[in-house]
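Participant: The following block contains the structure, expressed as structure tokens.
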Amino acid sequence: MQGAEPPFPQRTQVAIIGGGPSGLLLSQLLHLAGVQSVVLERQSRDYVLSRIRAGVLEQGLQALLRKAGVGDRMDREGLVHDGFAISFSGEARRVDLADLTNGATVRVYGQTELTRDLYEARDALQGAIVHEADVVGVDGIDSASPQVRFEHRGQTHHLAADFVAACDGFHGAGRRAVPSSAIKTIERVYPFGWLGILSETPPASDELIYAHHERGFALCSMRNPQLSRYYVQCAADEDLAEWSDDRFWEELKARLPEGVASGLSTGPSIEKSIAPLRSFVAEPMRYGRLFLAGDAAHIVPPTGAKGLNLAASDIYYLSEALIAFFSSGREAGLKDYSDRALRRVWKAERFSWWMTALLHNFPSLGAFERRMQTAELDYLFSSRAALTSRAENYVGLPYD
Ligand code: RFL
Ligand code: PHB
């Protein structure tokens, strides 16, 4: 099954806007606890599965996927990483995550694969997912029975629910349905983007390499031993058409230490895209019966690998709160949701901001600030205390 066809359900307990990782994970966790939901996704499933995004999963997200019954393939195929490297001044230095954090690791497993696993799990349980359902508004959010309005192939439909979860990403409709006087947004847009490619070549190294270089930041990542993901910092208004594969490889190599660049396997790209970098938080993450989760509520620049992981911690808090409400009428979790989620969000914002500031070439930086970046990097690798703090953040702060 590739999603529900009309006639669509007209009422459910939780209406979920967005069939990305946040929305799918929420619907799966609710289902396993006996709470009904309907997922409304604007795009087709193939489109959602063609987006190449995150790759690094913290332990909290891994545990949540297992709890949702979707951890098997991740456990089989995902790559456990117990360290990564930061290169600067021509040399790559290792951050030994496991050693610094009493054995914690991260797992490299693509968001595309994780989303595919979630769709399959929802299908196996006959979960209701409506594709090409473009949500255009939410009515009665501060009443006991909000209604989600959506358009599907030219027809307008309504879905009534006890609660609405806006899991519809940064450009979604959920956040826009909240009166502007009831929500505050805080944003920083960075003056650069990331140009990323996917290529069917063996990764540059067994571990990720975050490269600080005067030409700009670069990142060597991967999806599996035959599939690599690379990024280079580019201008915010960069024209993708000007980036041939050859130009990309040349620029990437120029930003990597000699030893890594000389061994790099290059080949044709199978995907190439530009992502803008921004930090963004909407507060609070609840208005009436509408809850914001994942990218709908916050964006982090990808340098800290935190976006998908934050979406997961939101879903953890929100699913617990909704399940407690439907199983025993307890409202405390719903009341606390926004504060609880935001405490973790702001810490991840802080870490992502720090990684971004440390590793990128900001057009505005003077000679002093550039030296501060290298002095900070130098200090980091000379102080176990400093490195431990960064490692603790990279593997993921606890869900508390
Ligand atoms: P998504 O994935 O954007 O999904 C939202 C879904 O909502 C749908 N939608 C609507 N549906 C119905 N009606 C409407 N009006 C709608 N408007 C939107 C959309 O079609 C979409 O399917 O949000 P979600 O689920 O909250 O998931 C968030 C993550 O996708 C995101 O945080 C991460 O990808 C961020 N990210 C990373 N996160 C990590 O934790 N680790 C990483 O290594 C990492 N690397 C990255 C990243 C994001 C990147 N880009 C492209 C921004 C690397 C990159 C390059
Ligand atoms: C990725 O593999 O896409 C990736 C990895 C680490 C990051 C960002 C993106 O910090």
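For the structure tokens, the naming scheme is as follows: chains receive sequential letters (A, B, ...) according to their order of presentation, residues are indexed from 1 within each chain, and ligands are indexed from 1 in presentation order.
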Residues of chain A that approach ligand 1 to 7 Å or less, counting only C-alpha atoms and all ligand atoms: could you list each one with the shortest pair of atoms and its distance in Å to one decimal, rows by chain and increasing residue number, as JSON lines?

Facilitator:
```
{"residue": "A:Ile17", "atom": "CA", "partner": "ligand 1", "partner_atom_place_in_ligand_line": "12 (C)", "distance": 5.3}
{"residue": "A:Gly18", "atom": "CA", "partner": "ligand 1", "partner_atom_place_in_ligand_line": "7 (O)", "distance": 3.3}
{"residue": "A:Gly19", "atom": "CA", "partner": "ligand 1", "partner_atom_place_in_ligand_line": "22 (O)", "distance": 4.8}
{"residue": "A:Gly20", "atom": "CA", "partner": "ligand 1", "partner_atom_place_in_ligand_line": "4 (O)", "distance": 3.6}
{"residue": "A:Pro21", "atom": "CA", "partner": "ligand 1", "partner_atom_place_in_ligand_line": "25 (O)", "distance": 4.0}
{"residue": "A:Ser22", "atom": "CA", "partner": "ligand 1", "partner_atom_place_in_ligand_line": "25 (O)", "distance": 3.7}
{"residue": "A:Gly23", "atom": "CA", "partner": "ligand 1", "partner_atom_place_in_ligand_line": "25 (O)", "distance": 5.8}
{"residue": "A:Leu40", "atom": "CA", "partner": "ligand 1", "partner_atom_place_in_ligand_line": "12 (C)", "distance": 5.3}
{"residue": "A:Glu41", "atom": "CA", "partner": "ligand 1", "partner_atom_place_in_ligand_line": "11 (N)", "distance": 3.8}
{"residue": "A:Arg42", "atom": "CA", "partner": "ligand 1", "partner_atom_place_in_ligand_line": "12 (C)", "distance": 3.8}
{"residue": "A:Gln43", "atom": "CA", "partner": "ligand 1", "partner_atom_place_in_ligand_line": "20 (O)", "distance": 5.1}
{"residue": "A:Val48", "atom": "CA", "partner": "ligand 1", "partner_atom_place_in_ligand_line": "22 (O)", "distance": 5.5}
{"residue": "A:Ile52", "atom": "CA", "partner": "ligand 1", "partner_atom_place_in_ligand_line": "51 (C)", "distance": 6.7}
{"residue": "A:Arg53", "atom": "CA", "partner": "ligand 1", "partner_atom_place_in_ligand_line": "54 (C)", "distance": 4.4}
{"residue": "A:Ala54", "atom": "CA", "partner": "ligand 1", "partner_atom_place_in_ligand_line": "44 (C)", "distance": 3.2}
{"residue": "A:Gly55", "atom": "CA", "partner": "ligand 1", "partner_atom_place_in_ligand_line": "43 (O)", "distance": 4.1}
{"residue": "A:Val56", "atom": "CA", "partner": "ligand 1", "partner_atom_place_in_ligand_line": "43 (O)", "distance": 4.3}
{"residue": "A:Leu57", "atom": "CA", "partner": "ligand 1", "partner_atom_place_in_ligand_line": "40 (O)", "distance": 6.2}
{"residue": "A:Gln111", "atom": "CA", "partner": "ligand 1", "partner_atom_place_in_ligand_line": "34 (O)", "distance": 6.8}
{"residue": "A:Ala133", "atom": "CA", "partner": "ligand 1", "partner_atom_place_in_ligand_line": "12 (C)", "distance": 5.7}
{"residue": "A:Asp134", "atom": "CA", "partner": "ligand 1", "partner_atom_place_in_ligand_line": "13 (N)", "distance": 4.0}
{"residue": "A:Val135", "atom": "CA", "partner": "ligand 1", "partner_atom_place_in_ligand_line": "13 (N)", "distance": 3.8}
{"residue": "A:Val136", "atom": "CA", "partner": "ligand 1", "partner_atom_place_in_ligand_line": "15 (N)", "distance": 5.8}
{"residue": "A:Cys167", "atom": "CA", "partner": "ligand 1", "partner_atom_place_in_ligand_line": "26 (O)", "distance": 5.3}
{"residue": "A:Asp168", "atom": "CA", "partner": "ligand 1", "partner_atom_place_in_ligand_line": "7 (O)", "distance": 3.3}
{"residue": "A:Gly169", "atom": "CA", "partner": "ligand 1", "partner_atom_place_in_ligand_line": "3 (O)", "distance": 3.8}
{"residue": "A:Phe170", "atom": "CA", "partner": "ligand 1", "partner_atom_place_in_ligand_line": "3 (O)", "distance": 6.4}
{"residue": "A:His171", "atom": "CA", "partner": "ligand 1", "partner_atom_place_in_ligand_line": "17 (N)", "distance": 5.9}
{"residue": "A:Gly172", "atom": "CA", "partner": "ligand 1", "partner_atom_place_in_ligand_line": "17 (N)", "distance": 3.6}
{"residue": "A:Ala173", "atom": "CA", "partner": "ligand 1", "partner_atom_place_in_ligand_line": "15 (N)", "distance": 4.5}
{"residue": "A:Trp194", "atom": "CA", "partner": "ligand 1", "partner_atom_place_in_ligand_line": "55 (C)", "distance": 6.9}
{"residue": "A:Gly196", "atom": "CA", "partner": "ligand 1", "partner_atom_place_in_ligand_line": "55 (C)", "distance": 6.7}
{"residue": "A:Ala275", "atom": "CA", "partner": "ligand 1", "partner_atom_place_in_ligand_line": "51 (C)", "distance": 5.1}
{"residue": "A:Ala293", "atom": "CA", "partner": "ligand 1", "partner_atom_place_in_ligand_line": "26 (O)", "distance": 6.3}
{"residue": "A:Gly294", "atom": "CA", "partner": "ligand 1", "partner_atom_place_in_ligand_line": "26 (O)", "distance": 3.5}
{"residue": "A:Asp295", "atom": "CA", "partner": "ligand 1", "partner_atom_place_in_ligand_line": "26 (O)", "distance": 4.0}
{"residue": "A:Ala296", "atom": "CA", "partner": "ligand 1", "partner_atom_place_in_ligand_line": "26 (O)", "distance": 6.0}
{"residue": "A:Ile299", "atom": "CA", "partner": "ligand 1", "partner_atom_place_in_ligand_line": "32 (O)", "distance": 6.7}
{"residue": "A:Pro302", "atom": "CA", "partner": "ligand 1", "partner_atom_place_in_ligand_line": "47 (C)", "distance": 4.9}
{"residue": "A:Ala305", "atom": "CA", "partner": "ligand 1", "partner_atom_place_in_ligand_line": "41 (N)", "distance": 3.5}
{"residue": "A:Lys306", "atom": "CA", "partner": "ligand 1", "partner_atom_place_in_ligand_line": "40 (O)", "distance": 3.7}
{"residue": "A:Gly307", "atom": "CA", "partner": "ligand 1", "partner_atom_place_in_ligand_line": "32 (O)", "distance": 3.3}
{"residue": "A:Leu308", "atom": "CA", "partner": "ligand 1", "partner_atom_place_in_ligand_line": "40 (O)", "distance": 3.3}
{"residue": "A:Asn309", "atom": "CA", "partner": "ligand 1", "partner_atom_place_in_ligand_line": "40 (O)", "distance": 4.1}
{"residue": "A:Leu310", "atom": "CA", "partner": "ligand 1", "partner_atom_place_in_ligand_line": "40 (O)", "distance": 6.6}
{"residue": "A:Ala311", "atom": "CA", "partner": "ligand 1", "partner_atom_place_in_ligand_line": "26 (O)", "distance": 5.3}
```

Participant: Please list as a PyMOL selection string every residue within 12 Å of Arg107 (chain A), counting only C-alpha atoms and excluding residues in the same chain fewer than 3 positions away.

Facilitator: chain A and resi 54-63+71+74-84+97+104+110-111+114+207-208+221-224+305+309+394-396

Participant: Could you name the residues that touch Tyr210 (chain A) at 7 Å or less, counting only C-alpha atoms, but leaving out those on the same chain fewer than 3 positions away, as a list of chain:residue names?

Facilitator: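 Skipping anything fewer than 3 positions along the chain leaves A:Ala85, A:Ile86, A:Ser87, A:Ala218, A:Leu219, A:Cys220.
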
Participant: With all heavy atoms retained, write the just-selected residues as a PDB file, in the first residue's frame.

Facilitator:
```pdb
ATOM      1  N   ALA A  85      36.932  12.838  12.848  1.00  0.00           N
ATOM      2  CA  ALA A  85      38.125  13.693  12.814  1.00  0.00           C
ATOM      3  C   ALA A  85      37.755  15.131  12.503  1.00  0.00           C
ATOM      4  O   ALA A  85      36.747  15.401  11.843  1.00  0.00           O
ATOM      5  CB  ALA A  85      39.103  13.171  11.764  1.00  0.00           C
ATOM      6  N   ILE A  86      38.574  16.040  13.002  1.00  0.00           N
ATOM      7  CA  ILE A  86      38.494  17.445  12.596  1.00  0.00           C
ATOM      8  C   ILE A  86      39.858  17.764  11.989  1.00  0.00           C
ATOM      9  O   ILE A  86      40.897  17.483  12.609  1.00  0.00           O
ATOM     10  CB  ILE A  86      38.216  18.385  13.789  1.00  0.00           C
ATOM     11  CG1 ILE A  86      36.835  18.071  14.411  1.00  0.00           C
ATOM     12  CG2 ILE A  86      38.292  19.850  13.351  1.00  0.00           C
ATOM     13  CD1 ILE A  86      36.447  18.988  15.574  1.00  0.00           C
ATOM     14  N   SER A  87      39.861  18.300  10.771  1.00  0.00           N
ATOM     15  CA  SER A  87      41.165  18.661  10.201  1.00  0.00           C
ATOM     16  C   SER A  87      41.328  20.173  10.198  1.00  0.00           C
ATOM     17  O   SER A  87      40.371  20.918   9.964  1.00  0.00           O
ATOM     18  CB  SER A  87      41.325  18.074   8.791  1.00  0.00           C
ATOM     19  OG  SER A  87      40.531  18.767   7.872  1.00  0.00           O
ATOM     20  N   ALA A 218      34.624  21.885   4.806  1.00  0.00           N
ATOM     21  CA  ALA A 218      34.260  20.703   4.003  1.00  0.00           C
ATOM     22  C   ALA A 218      33.962  19.558   4.952  1.00  0.00           C
ATOM     23  O   ALA A 218      34.443  19.542   6.096  1.00  0.00           O
ATOM     24  CB  ALA A 218      35.396  20.310   3.057  1.00  0.00           C
ATOM     25  N   LEU A 219      33.142  18.620   4.495  1.00  0.00           N
ATOM     26  CA  LEU A 219      32.798  17.448   5.312  1.00  0.00           C
ATOM     27  C   LEU A 219      32.818  16.205   4.449  1.00  0.00           C
ATOM     28  O   LEU A 219      32.233  16.176   3.360  1.00  0.00           O
ATOM     29  CB  LEU A 219      31.391  17.640   5.911  1.00  0.00           C
ATOM     30  CG  LEU A 219      30.765  16.443   6.630  1.00  0.00           C
ATOM     31  CD1 LEU A 219      31.596  15.983   7.822  1.00  0.00           C
ATOM     32  CD2 LEU A 219      29.349  16.804   7.116  1.00  0.00           C
ATOM     33  N   CYS A 220      33.515  15.177   4.943  1.00  0.00           N
ATOM     34  CA  CYS A 220      33.502  13.866   4.287  1.00  0.00           C
ATOM     35  C   CYS A 220      32.626  12.959   5.138  1.00  0.00           C
ATOM     36  O   CYS A 220      32.962  12.673   6.288  1.00  0.00           O
ATOM     37  CB  CYS A 220      34.900  13.244   4.244  1.00  0.00           C
ATOM     38  SG  CYS A 220      36.124  14.274   3.435  1.00  0.00           S
TER      39      CYS A 220
END
```

Participant: As a ChimeraX atom specification, please: every residue in region 103-334 of chain A that a backbone DSSP assignment puts in strand (DSSP E).

Facilitator: /A:106-108,128-130,133-139,147-152,155-166,184-199,209-211,218-224,227-235,269-283,286-287,290-292,298-299

Participant: Calculated over only C-alpha atoms, which of the candidates A:Val39, A:Ala33, A:Ile323, A:Leu318 has the smallest distance to Glu132 (chain A)?

Facilitator: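 Of all the options, A:Val39 lies closest to Glu132 (chain A).
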
Participant: Considering only C-alpha atoms, can you say which of A:Leu292, A:Ala391, A:Val38, A:Ala161 comes closest to Gly103 (chain A)?

Facilitator: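 Closest candidate: A:Ala391.
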
Participant: Which of region 5-178 of chain A end up as alpha helix (DSSP H) when DSSP is run on this backbone - answer as a PyMOL selection string?

Facilitator: chain A and resi 21-32+45-48+59-67+72-77+97-100+111-124

Participant: Pick out the closest residue to Val232 (chain A) from this set: A:Glu283, A:Pro268, A:Asp162, A:His360. Count only C-alpha atoms.

Facilitator: A:His360
